[in-house]
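Report on the following structure.
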2 protein chains.
Amino acid sequence: MPMLKIDAHTHILPKKMPNWSEKFGYGDFIYLQHHRKGIANMMRGNQFFREIKENCWDAEVRIMEYAHFKIPVQVVCTIPVMFSYWAKPMDCLSLSQFLNDHIAKMVNQYPRNYVGLGTVPMQDSELAVKELERICDIGLKGIQIGSNINDDNLNEDKFFPIFEACEKLGLAVMVHPWNMMGEKKMQRYWLPWLVGMPAETTRAICSMIFGGVFERLPKLRVMFAHAGGSFLPTLGRIEHGFECRPDLVAIDNQVNPRNYLGKFWIDSVTHDPLMLEYVLKLVGSEKVMLGTDYPFPLGDLGMGKFIEDMNLADRDMENIFNKAALDWLTLSKEDFI
Amino acid sequence: MPMLKIDAHTHILPKKMPNWSEKFGYGDFIYLQHHRKGIANMMRGNQFFREIKENCWDAEVRIMEYAHFKIPVQVVCTIPVMFSYWAKPMDCLSLSQFLNDHIAKMVNQYPRNYVGLGTVPMQDSELAVKELERICDIGLKGIQIGSNINDDNLNEDKFFPIFEACEKLGLAVMVHPWNMMGEKKMQRYWLPWLVGMPAETTRAICSMIFGGVFERLPKLRVMFAHAGGSFLPTLGRIEHGFECRPDLVAIDNQVNPRNYLGKFWIDSVTHDPLMLEYVLKLVGSEKVMLGTDYPFPLGDLGMGKFIEDMNLADRDMENIFNKAALDWLTLSKEDFI
């Protein structure tokens, strides 16, 4: 029997969405212009944001494309630009529910192929917690959140009830970079994506560690996109900062950041066997899961081929290709057979 | 004979400086309050910025402290907060000349112990180029510049004449992170230093590569602080971005960023043997030099001990502890005997 493969980091949208800006009467929400068969423009207000293809919305096209790589299971979540944390909380809730219901429907229709992560209005922890409960009820396994919430860091007290509810409800959390630091001043050469995103994820991990979120919620299961951004490769600096200036760094949590290695998960999106080797040494293959960022070009659209070429031990392969993701999601292989 | 050791990344200030804000009649320039013997406060306007000790200004105290680690040579430059790129160009020039003259005097007094890097008013390329010529005349070997110039990236046309002059004059360039992206929104936990700085250096390297600076000036010798920040560990992502979206990334230079490995230098400030191993694999020990960020606590104040503990080959040790720095500065061992 071939090894089960799960892609833990993929994005999806509903093919049709209301025009939120018209519906709510304000704001540059995302809408889709289907201008050619199988191709649509994501528009933000009147600005072109990104072209997407049908593999961004069509469940069966995706299953077919994945079959080519012998990967039966995709963990799906929305695209970070849909978070809309800047909107009025009730409007963001409506939008989130629409997206969550769409994913729930897919997951229920193709339970052997899809696992769903929802989105919640992080700008209002009360509404967010309510939606988390609904998310459980409709069959999603966790949520995806941004690396910052309207530029507030994840250690802020106001977000704690959300993490607490995730722990209690057994929902997995995926942290995805977005709203990138420095974005405005480095538009050229795609630097917000190439430089800003890894920094964002690092900011998120540091905020959760130093803010004591992991310490207070030991059963919270969090996965960070893109192999944790720059966190693992700059951990030497981060740890040294913690040690040499505890007055600045260890103010809310006295535990060395290195102690959290092996307590959170990351995906494999490094595009580089040498860096994957490095992160495997740091957190262990039990915490590294195949992720691709499909269907976007900056993703690993070789679908983990570079990992297969690394000659890893069978156990590491099994961990990366299914076990780490199953642990993170508290699922088992049998759920997909 | 013991191996020559050079610390290529250290900071220094003159003990006494004019009160620039009073002198120029505006601005929050840095000044020193010597409030106790051997200790001073760096003040920015009326705000406390950092406490420093006499090893930040006293040439002989520093030589003594370094003797303890059997390191005879320090490459010295100012502290990035002194750059004052935001000031009126002529005022920044005055300030830069004051700092450069101070370092030149030290270097001439202790030629076996100090190599000097100057600072120039990057906000005015004409003044900067003139000061570069003077920097040569007074015996400095290069300059230190910021990772961005008032938030403009190093690929901007206006900076090119400065790099061109450095190449022509044979001056080495050190790029140091400062004015960190995201600084305002992540004050807690020292994140601008722990997360922002590595991102800044990455931004600088990407800007110089994608902007074609290295391509157009193949003899320009540039060293990036803190092992190049996050650039090397995120090169997989950066290269993949270049390959998958050349329309966004390869607009000014069609050469793959990986081709620049081995063409610039980095220091060893990783605080982590595993990460140093990784960067050595990528750029080779010929391009990695001992750097400490002395005398600041976030620096490697073990003065490279973690490198000595790595059991590297003699040739790699020689490269890291002196040859890479000598090549970067176009000096030879004999200059220090």
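The way I read the labels, and the way they are meant: chains A, B, ... in the order of the structure tokens, residue 1 as the first residue of every chain, and ligand 1 as the first ligand shown, with later ones counted on from there.
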Using only C-alpha atoms, what does the table of chain A residues within 8 Å of chain B look like, with each row giving the shortest atom pair and its distance in Å to one decimal, sorted by chain and ascending number, as JSON lines?
```
{"residue": "A:Asp151", "atom": "CA", "partner": "B:Lys185", "partner_atom": "CA", "distance": 6.4}
{"residue": "A:Asp152", "atom": "CA", "partner": "B:Lys185", "partner_atom": "CA", "distance": 7.0}
{"residue": "A:Asn153", "atom": "CA", "partner": "B:Met186", "partner_atom": "CA", "distance": 7.3}
{"residue": "A:Met181", "atom": "CA", "partner": "B:Gly182", "partner_atom": "CA", "distance": 4.9}
{"residue": "A:Gly182", "atom": "CA", "partner": "B:Met181", "partner_atom": "CA", "distance": 4.9}
{"residue": "A:Lys185", "atom": "CA", "partner": "B:Asp151", "partner_atom": "CA", "distance": 6.4}
{"residue": "A:Met186", "atom": "CA", "partner": "B:Asn153", "partner_atom": "CA", "distance": 7.3}
{"residue": "A:Arg188", "atom": "CA", "partner": "B:Leu248", "partner_atom": "CA", "distance": 7.4}
{"residue": "A:Tyr189", "atom": "CA", "partner": "B:Val249", "partner_atom": "CA", "distance": 4.1}
{"residue": "A:Trp190", "atom": "CA", "partner": "B:Leu248", "partner_atom": "CA", "distance": 5.9}
{"residue": "A:Leu191", "atom": "CA", "partner": "B:Arg203", "partner_atom": "CA", "distance": 7.3}
{"residue": "A:Leu194", "atom": "CA", "partner": "B:Ile238", "partner_atom": "CA", "distance": 5.5}
{"residue": "A:Val195", "atom": "CA", "partner": "B:Arg203", "partner_atom": "CA", "distance": 6.3}
{"residue": "A:Gly196", "atom": "CA", "partner": "B:Ala199", "partner_atom": "CA", "distance": 7.2}
{"residue": "A:Pro198", "atom": "CA", "partner": "B:Thr234", "partner_atom": "CA", "distance": 7.7}
{"residue": "A:Ala199", "atom": "CA", "partner": "B:Ala199", "partner_atom": "CA", "distance": 6.0}
{"residue": "A:Thr202", "atom": "CA", "partner": "B:Val195", "partner_atom": "CA", "distance": 6.6}
{"residue": "A:Arg203", "atom": "CA", "partner": "B:Val195", "partner_atom": "CA", "distance": 6.3}
{"residue": "A:Cys206", "atom": "CA", "partner": "B:Leu191", "partner_atom": "CA", "distance": 7.9}
{"residue": "A:Ser207", "atom": "CA", "partner": "B:Tyr189", "partner_atom": "CA", "distance": 7.9}
{"residue": "A:Phe210", "atom": "CA", "partner": "B:Tyr189", "partner_atom": "CA", "distance": 6.9}
{"residue": "A:Gly229", "atom": "CA", "partner": "B:Thr234", "partner_atom": "CA", "distance": 7.8}
{"residue": "A:Ser230", "atom": "CA", "partner": "B:Ser230", "partner_atom": "CA", "distance": 6.2}
{"residue": "A:Pro233", "atom": "CA", "partner": "B:Pro233", "partner_atom": "CA", "distance": 6.3}
{"residue": "A:Thr234", "atom": "CA", "partner": "B:Ser230", "partner_atom": "CA", "distance": 7.1}
{"residue": "A:Gly236", "atom": "CA", "partner": "B:His271", "partner_atom": "CA", "distance": 4.7}
{"residue": "A:Arg237", "atom": "CA", "partner": "B:His271", "partner_atom": "CA", "distance": 5.9}
{"residue": "A:Ile238", "atom": "CA", "partner": "B:Leu194", "partner_atom": "CA", "distance": 5.5}
{"residue": "A:His240", "atom": "CA", "partner": "B:Leu298", "partner_atom": "CA", "distance": 6.7}
{"residue": "A:Gly241", "atom": "CA", "partner": "B:Leu298", "partner_atom": "CA", "distance": 5.9}
{"residue": "A:Cys244", "atom": "CA", "partner": "B:Pro297", "partner_atom": "CA", "distance": 6.1}
{"residue": "A:Arg245", "atom": "CA", "partner": "B:Pro297", "partner_atom": "CA", "distance": 7.7}
{"residue": "A:Leu248", "atom": "CA", "partner": "B:Tyr189", "partner_atom": "CA", "distance": 5.4}
{"residue": "A:Val249", "atom": "CA", "partner": "B:Tyr189", "partner_atom": "CA", "distance": 4.1}
{"residue": "A:Ala250", "atom": "CA", "partner": "B:Tyr189", "partner_atom": "CA", "distance": 7.2}
{"residue": "A:Ile251", "atom": "CA", "partner": "B:Tyr189", "partner_atom": "CA", "distance": 7.5}
{"residue": "A:Thr270", "atom": "CA", "partner": "B:Gly236", "partner_atom": "CA", "distance": 5.9}
{"residue": "A:His271", "atom": "CA", "partner": "B:Gly236", "partner_atom": "CA", "distance": 4.7}
{"residue": "A:Asp272", "atom": "CA", "partner": "B:Gly236", "partner_atom": "CA", "distance": 5.1}
{"residue": "A:Leu274", "atom": "CA", "partner": "B:Tyr278", "partner_atom": "CA", "distance": 7.7}
{"residue": "A:Met275", "atom": "CA", "partner": "B:Pro233", "partner_atom": "CA", "distance": 6.4}
{"residue": "A:Tyr278", "atom": "CA", "partner": "B:Leu274", "partner_atom": "CA", "distance": 7.7}
{"residue": "A:Pro297", "atom": "CA", "partner": "B:Cys244", "partner_atom": "CA", "distance": 6.1}
{"residue": "A:Leu298", "atom": "CA", "partner": "B:Gly241", "partner_atom": "CA", "distance": 5.9}
```
Check: Which neighbours of range 43-51 of chain A fall inside 9 Å, counting only C-alpha atoms, when residues of the same chain fewer than 5 positions from it are skipped, and could you give them as JSON, numbers by chain?
Finding: {"A": [21, 27, 28, 29, 30, 31, 32, 33]}
Residues of the last selection are to be written out with all heavy atoms, as a PDB file, in the first residue's frame.
```pdb
ATOM      1  N   SER A  21     -18.656  44.392  -0.859  1.00  0.00           N
ATOM      2  CA  SER A  21     -18.615  45.860  -0.763  1.00  0.00           C
ATOM      3  C   SER A  21     -20.003  46.440  -1.010  1.00  0.00           C
ATOM      4  O   SER A  21     -20.448  47.341  -0.300  1.00  0.00           O
ATOM      5  CB  SER A  21     -17.612  46.440  -1.770  1.00  0.00           C
ATOM      6  OG  SER A  21     -16.328  45.923  -1.522  1.00  0.00           O
ATOM      7  N   GLY A  27     -15.949  49.602   1.919  1.00  0.00           N
ATOM      8  CA  GLY A  27     -14.764  48.756   2.011  1.00  0.00           C
ATOM      9  C   GLY A  27     -14.338  48.068   0.732  1.00  0.00           C
ATOM     10  O   GLY A  27     -15.145  47.783  -0.147  1.00  0.00           O
ATOM     11  N   ASP A  28     -13.038  47.794   0.631  1.00  0.00           N
ATOM     12  CA  ASP A  28     -12.489  47.090  -0.523  1.00  0.00           C
ATOM     13  C   ASP A  28     -12.405  45.592  -0.247  1.00  0.00           C
ATOM     14  O   ASP A  28     -11.327  45.014  -0.135  1.00  0.00           O
ATOM     15  CB  ASP A  28     -11.093  47.654  -0.862  1.00  0.00           C
ATOM     16  CG  ASP A  28     -11.190  49.046  -1.468  1.00  0.00           C
ATOM     17  OD1 ASP A  28     -12.292  49.411  -1.932  1.00  0.00           O
ATOM     18  OD2 ASP A  28     -10.176  49.757  -1.470  1.00  0.00           O
ATOM     19  N   PHE A  29     -13.561  44.977  -0.146  1.00  0.00           N
ATOM     20  CA  PHE A  29     -13.595  43.524  -0.005  1.00  0.00           C
ATOM     21  C   PHE A  29     -13.195  42.891  -1.337  1.00  0.00           C
ATOM     22  O   PHE A  29     -13.277  43.517  -2.383  1.00  0.00           O
ATOM     23  CB  PHE A  29     -14.996  43.059   0.390  1.00  0.00           C
ATOM     24  CG  PHE A  29     -15.414  43.473   1.770  1.00  0.00           C
ATOM     25  CD1 PHE A  29     -16.044  44.698   1.989  1.00  0.00           C
ATOM     26  CD2 PHE A  29     -15.171  42.654   2.862  1.00  0.00           C
ATOM     27  CE1 PHE A  29     -16.429  45.087   3.269  1.00  0.00           C
ATOM     28  CE2 PHE A  29     -15.548  43.033   4.137  1.00  0.00           C
ATOM     29  CZ  PHE A  29     -16.180  44.254   4.336  1.00  0.00           C
ATOM     30  N   ILE A  30     -12.808  41.628  -1.246  1.00  0.00           N
ATOM     31  CA  ILE A  30     -12.437  40.892  -2.460  1.00  0.00           C
ATOM     32  C   ILE A  30     -13.693  40.399  -3.184  1.00  0.00           C
ATOM     33  O   ILE A  30     -14.623  39.911  -2.556  1.00  0.00           O
ATOM     34  CB  ILE A  30     -11.566  39.668  -2.078  1.00  0.00           C
ATOM     35  CG1 ILE A  30     -10.225  40.114  -1.502  1.00  0.00           C
ATOM     36  CG2 ILE A  30     -11.384  38.726  -3.277  1.00  0.00           C
ATOM     37  CD1 ILE A  30      -9.225  40.613  -2.492  1.00  0.00           C
ATOM     38  N   TYR A  31     -13.728  40.559  -4.496  1.00  0.00           N
ATOM     39  CA  TYR A  31     -14.731  39.835  -5.272  1.00  0.00           C
ATOM     40  C   TYR A  31     -14.097  39.237  -6.523  1.00  0.00           C
ATOM     41  O   TYR A  31     -12.977  39.601  -6.894  1.00  0.00           O
ATOM     42  CB  TYR A  31     -15.958  40.708  -5.594  1.00  0.00           C
ATOM     43  CG  TYR A  31     -15.729  41.797  -6.601  1.00  0.00           C
ATOM     44  CD1 TYR A  31     -16.042  41.612  -7.959  1.00  0.00           C
ATOM     45  CD2 TYR A  31     -15.242  43.029  -6.207  1.00  0.00           C
ATOM     46  CE1 TYR A  31     -15.854  42.619  -8.885  1.00  0.00           C
ATOM     47  CE2 TYR A  31     -15.035  44.046  -7.125  1.00  0.00           C
ATOM     48  CZ  TYR A  31     -15.340  43.831  -8.462  1.00  0.00           C
ATOM     49  OH  TYR A  31     -15.141  44.832  -9.383  1.00  0.00           O
ATOM     50  N   LEU A  32     -14.805  38.292  -7.122  1.00  0.00           N
ATOM     51  CA  LEU A  32     -14.252  37.545  -8.254  1.00  0.00           C
ATOM     52  C   LEU A  32     -14.913  37.964  -9.557  1.00  0.00           C
ATOM     53  O   LEU A  32     -16.136  38.011  -9.650  1.00  0.00           O
ATOM     54  CB  LEU A  32     -14.469  36.038  -8.068  1.00  0.00           C
ATOM     55  CG  LEU A  32     -13.763  35.389  -6.880  1.00  0.00           C
ATOM     56  CD1 LEU A  32     -14.021  33.882  -6.881  1.00  0.00           C
ATOM     57  CD2 LEU A  32     -12.266  35.667  -6.932  1.00  0.00           C
ATOM     58  N   GLN A  33     -14.089  38.282 -10.551  1.00  0.00           N
ATOM     59  CA  GLN A  33     -14.589  38.517 -11.910  1.00  0.00           C
ATOM     60  C   GLN A  33     -14.251  37.296 -12.752  1.00  0.00           C
ATOM     61  O   GLN A  33     -13.085  37.077 -13.081  1.00  0.00           O
ATOM     62  CB  GLN A  33     -13.883  39.737 -12.528  1.00  0.00           C
ATOM     63  CG  GLN A  33     -14.426  41.072 -12.093  1.00  0.00           C
ATOM     64  CD  GLN A  33     -13.670  42.221 -12.753  1.00  0.00           C
ATOM     65  OE1 GLN A  33     -12.528  42.046 -13.190  1.00  0.00           O
ATOM     66  NE2 GLN A  33     -14.292  43.380 -12.800  1.00  0.00           N
TER      67      GLN A  33
END
```
Note to self: Can you pull out the residues contacting Ala87 in chain A? Cut-off 12 Å, using only C-alpha atoms, and skip same-chain residues under 6 positions away; I want them as a PyMOL selection string.
What the structure shows: chain A and resi 20-21+24-30+93-96+120-124+149-150
Suppose we keep all heavy atoms; can you now write the selection as a compact mmCIF listing (two decimals), in the first residue's frame?
```txt
# COMPACT_ATOMS: atom_id res chain seq x y z
N TRP A 20 -19.30 41.77 -1.59
CA TRP A 20 -19.39 42.19 -0.18
C TRP A 20 -19.42 43.71 -0.04
O TRP A 20 -20.12 44.25 0.82
CB TRP A 20 -18.21 41.63 0.62
CG TRP A 20 -18.08 40.13 0.53
CD1 TRP A 20 -17.18 39.43 -0.21
CD2 TRP A 20 -18.90 39.14 1.18
NE1 TRP A 20 -17.36 38.08 -0.06
CE2 TRP A 20 -18.41 37.87 0.79
CE3 TRP A 20 -19.99 39.21 2.05
CZ2 TRP A 20 -18.97 36.68 1.24
CZ3 TRP A 20 -20.55 38.03 2.51
CH2 TRP A 20 -20.05 36.78 2.09
N SER A 21 -18.66 44.39 -0.86
CA SER A 21 -18.62 45.86 -0.76
C SER A 21 -20.00 46.44 -1.01
O SER A 21 -20.45 47.34 -0.30
CB SER A 21 -17.61 46.44 -1.77
OG SER A 21 -16.33 45.92 -1.52
N PHE A 24 -22.36 45.32 2.00
CA PHE A 24 -22.14 46.01 3.27
C PHE A 24 -22.12 47.54 3.10
O PHE A 24 -22.24 48.28 4.07
CB PHE A 24 -20.82 45.56 3.91
CG PHE A 24 -20.76 44.08 4.23
CD1 PHE A 24 -19.60 43.35 3.99
CD2 PHE A 24 -21.87 43.43 4.78
CE1 PHE A 24 -19.54 41.99 4.29
CE2 PHE A 24 -21.81 42.06 5.08
CZ PHE A 24 -20.65 41.34 4.83
N GLY A 25 -21.92 47.98 1.86
CA GLY A 25 -21.94 49.42 1.61
C GLY A 25 -20.65 50.15 1.93
O GLY A 25 -20.64 51.37 2.10
N TYR A 26 -19.55 49.44 2.04
CA TYR A 26 -18.25 50.10 2.28
C TYR A 26 -17.13 49.09 2.00
O TYR A 26 -17.37 47.89 1.87
CB TYR A 26 -18.13 50.58 3.73
CG TYR A 26 -18.03 49.45 4.74
CD1 TYR A 26 -16.79 48.98 5.18
CD2 TYR A 26 -19.18 48.82 5.22
CE1 TYR A 26 -16.70 47.93 6.08
CE2 TYR A 26 -19.09 47.76 6.11
CZ TYR A 26 -17.86 47.32 6.54
OH TYR A 26 -17.77 46.27 7.42
N GLY A 27 -15.95 49.60 1.92
CA GLY A 27 -14.76 48.76 2.01
C GLY A 27 -14.34 48.07 0.73
O GLY A 27 -15.14 47.78 -0.15
N ASP A 28 -13.04 47.79 0.63
CA ASP A 28 -12.49 47.09 -0.52
C ASP A 28 -12.41 45.59 -0.25
O ASP A 28 -11.33 45.01 -0.14
CB ASP A 28 -11.09 47.65 -0.86
CG ASP A 28 -11.19 49.05 -1.47
OD1 ASP A 28 -12.29 49.41 -1.93
OD2 ASP A 28 -10.18 49.76 -1.47
N PHE A 29 -13.56 44.98 -0.15
CA PHE A 29 -13.59 43.52 -0.01
C PHE A 29 -13.19 42.89 -1.34
O PHE A 29 -13.28 43.52 -2.38
CB PHE A 29 -15.00 43.06 0.39
CG PHE A 29 -15.41 43.47 1.77
CD1 PHE A 29 -16.04 44.70 1.99
CD2 PHE A 29 -15.17 42.65 2.86
CE1 PHE A 29 -16.43 45.09 3.27
CE2 PHE A 29 -15.55 43.03 4.14
CZ PHE A 29 -16.18 44.25 4.34
N ILE A 30 -12.81 41.63 -1.25
CA ILE A 30 -12.44 40.89 -2.46
C ILE A 30 -13.69 40.40 -3.18
O ILE A 30 -14.62 39.91 -2.56
CB ILE A 30 -11.57 39.67 -2.08
CG1 ILE A 30 -10.23 40.11 -1.50
CG2 ILE A 30 -11.38 38.73 -3.28
CD1 ILE A 30 -9.23 40.61 -2.49
N LEU A 93 -17.95 38.56 10.31
CA LEU A 93 -18.57 37.29 10.72
C LEU A 93 -19.39 36.69 9.57
O LEU A 93 -19.28 35.51 9.25
CB LEU A 93 -19.44 37.49 11.96
CG LEU A 93 -20.18 36.24 12.45
CD1 LEU A 93 -19.21 35.17 12.93
CD2 LEU A 93 -21.18 36.58 13.56
N SER A 94 -20.22 37.53 8.93
CA SER A 94 -21.03 37.04 7.79
C SER A 94 -20.15 36.44 6.72
O SER A 94 -20.40 35.34 6.21
CB SER A 94 -21.81 38.18 7.13
OG SER A 94 -22.72 38.74 8.01
N LEU A 95 -19.13 37.21 6.36
CA LEU A 95 -18.21 36.77 5.32
C LEU A 95 -17.53 35.46 5.74
O LEU A 95 -17.44 34.50 4.96
CB LEU A 95 -17.18 37.88 5.11
CG LEU A 95 -16.31 37.87 3.87
CD1 LEU A 95 -15.70 39.25 3.65
CD2 LEU A 95 -15.21 36.84 3.94
N SER A 96 -17.06 35.40 6.99
CA SER A 96 -16.38 34.20 7.49
C SER A 96 -17.33 33.01 7.43
O SER A 96 -16.94 31.90 7.02
CB SER A 96 -15.91 34.41 8.93
OG SER A 96 -15.02 35.49 9.02
N VAL A 120 -12.21 33.22 11.22
CA VAL A 120 -13.08 33.87 12.22
C VAL A 120 -12.74 35.35 12.32
O VAL A 120 -11.63 35.77 11.99
CB VAL A 120 -12.93 33.21 13.62
CG1 VAL A 120 -13.41 31.76 13.59
CG2 VAL A 120 -11.50 33.30 14.14
N PRO A 121 -13.72 36.16 12.78
CA PRO A 121 -13.45 37.59 12.94
C PRO A 121 -12.57 37.85 14.16
O PRO A 121 -13.07 38.07 15.26
CB PRO A 121 -14.86 38.20 13.11
CG PRO A 121 -15.70 37.09 13.62
CD PRO A 121 -15.11 35.81 13.09
N MET A 122 -11.25 37.81 13.94
CA MET A 122 -10.30 37.96 15.05
C MET A 122 -10.42 39.33 15.73
O MET A 122 -9.96 39.51 16.85
CB MET A 122 -8.87 37.76 14.55
CG MET A 122 -8.54 36.35 14.08
SD MET A 122 -8.51 35.11 15.41
CE MET A 122 -7.02 35.58 16.31
N GLN A 123 -10.99 40.29 15.03
CA GLN A 123 -11.11 41.64 15.60
C GLN A 123 -12.17 41.72 16.70
O GLN A 123 -12.31 42.75 17.34
CB GLN A 123 -11.38 42.69 14.51
CG GLN A 123 -12.73 42.59 13.79
CD GLN A 123 -12.68 41.70 12.58
OE1 GLN A 123 -12.25 40.54 12.66
NE2 GLN A 123 -13.16 42.19 11.45
N ASP A 124 -12.91 40.62 16.91
CA ASP A 124 -13.95 40.60 17.95
C ASP A 124 -13.95 39.22 18.58
O ASP A 124 -14.52 38.27 18.03
CB ASP A 124 -15.31 40.93 17.33
CG ASP A 124 -16.41 41.05 18.39
OD1 ASP A 124 -16.46 40.20 19.32
OD2 ASP A 124 -17.21 41.98 18.28
N ILE A 149 -3.04 40.80 13.66
CA ILE A 149 -4.46 41.13 13.47
C ILE A 149 -4.56 42.65 13.42
O ILE A 149 -4.43 43.32 14.44
CB ILE A 149 -5.32 40.59 14.64
CG1 ILE A 149 -5.00 39.11 14.93
CG2 ILE A 149 -6.81 40.79 14.35
CD1 ILE A 149 -5.21 38.13 13.79
N ASN A 150 -4.71 43.18 12.22
CA ASN A 150 -4.68 44.63 12.05
C ASN A 150 -3.44 45.22 12.71
O ASN A 150 -3.50 46.24 13.38
CB ASN A 150 -5.95 45.27 12.63
CG ASN A 150 -7.21 44.73 11.98
OD1 ASN A 150 -7.21 44.38 10.80
ND2 ASN A 150 -8.28 44.62 12.75
```
Notebook entry, point to check: Could you pull out the alpha helix (DSSP H) residues of range 91-321 of chain A from DSSP and send them as a ChimeraX atom specification?
Noted result: /A:91-109,125-137,160-169,191,197-210,213-216,235-244,246-249,273-283,305-308,314-318
Notebook entry, point to check: What does the distance from CA of Ile307 in chain A to CA of Met1 in chain A come to in Å, to one decimal?
Noted result: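 Rounded to one decimal, the two atoms are 19.7 Å apart.
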Checklist line | Of the listed residues B:Leu13, B:Val81, B:Met90, B:Leu312, that which approaches Lys53 in chain B most closely, counting only C-alpha atoms | finding: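 Of B:Leu13, B:Val81, B:Met90, B:Leu312, the one nearest Lys53 in chain B, counting only C-alpha atoms, is B:Leu13.
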Margin query: Neighbouring residues of range 130-135 of chain A were defined as those with any atom within 9 Å, considering only C-alpha atoms; residues of the same chain fewer than 2 positions away were excluded. Please report them as a VMD selection string.
Written below: chain A and resid 93 96 to 97 100 to 101 104 117 to 121 125 to 128 137 to 143 162 165 to 166 169 171
Check: Could you write out, as a PyMOL selection string, all the residues of range 18-93 of chain A that DSSP marks as strand (DSSP E)?
Finding: chain A and resi 30-36+39-44+47-53+73-77
Checklist line | Residue nearest Glu334 in chain A among A:Arg112, A:Lys219, A:Ala67, A:Pro2 (counting only C-alpha atoms) | finding: A:Arg112
Check: Between CA of Arg216 in chain B and CA of Ile79 in chain B, what is the distance, to one decimal in Å?
Finding: 29.1 Å
Check: Using only C-alpha atoms, which residues sit within 8 Å of Leu290 in chain A once same-chain residues fewer than 5 positions away are excluded, as a list in words?
Finding: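 Close residues of Leu290 in chain A: Ile6, Asp7, Ala8, His9, Asp267, Ser268, Val269, Gly304, Ile320, Phe321, Asn322 and Ala325 of chain A.
Pairwise distance (CA of Pro257 in chain A, CA of Val283 in chain A) equals 12.5 Å.
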Margin query: Need to verify the contact set: Gly38 in chain A, 10 Å, only C-alpha atoms, exclusion of same-chain residues closer than 3 positions in sequence. Can you return it as a list in words?
Written below: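 Once the nearby chain positions are removed, what remains is His34, His35, Ile52, Lys53, Glu54, Asn55, Cys56, Trp57 and Asp58 of chain A.
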May I have the selected residues written with C-alpha atoms, as a PDB file, in the first residue's frame?
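Listed below is the output, result29.pdb:
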```pdb
ATOM      1  CA  HIS A  34     -15.042  35.346 -13.932  1.00  0.00           C
ATOM      2  CA  HIS A  35     -13.931  36.759 -17.259  1.00  0.00           C
ATOM      3  CA  ILE A  52      -6.728  32.631 -10.179  1.00  0.00           C
ATOM      4  CA  LYS A  53      -7.676  29.503 -12.050  1.00  0.00           C
ATOM      5  CA  GLU A  54     -10.381  26.937 -11.527  1.00  0.00           C
ATOM      6  CA  ASN A  55      -8.077  24.865  -9.308  1.00  0.00           C
ATOM      7  CA  CYS A  56      -8.641  27.651  -6.795  1.00  0.00           C
ATOM      8  CA  TRP A  57     -12.360  26.884  -6.515  1.00  0.00           C
ATOM      9  CA  ASP A  58     -13.209  23.563  -8.202  1.00  0.00           C
TER      10      ASP A  58
END
```
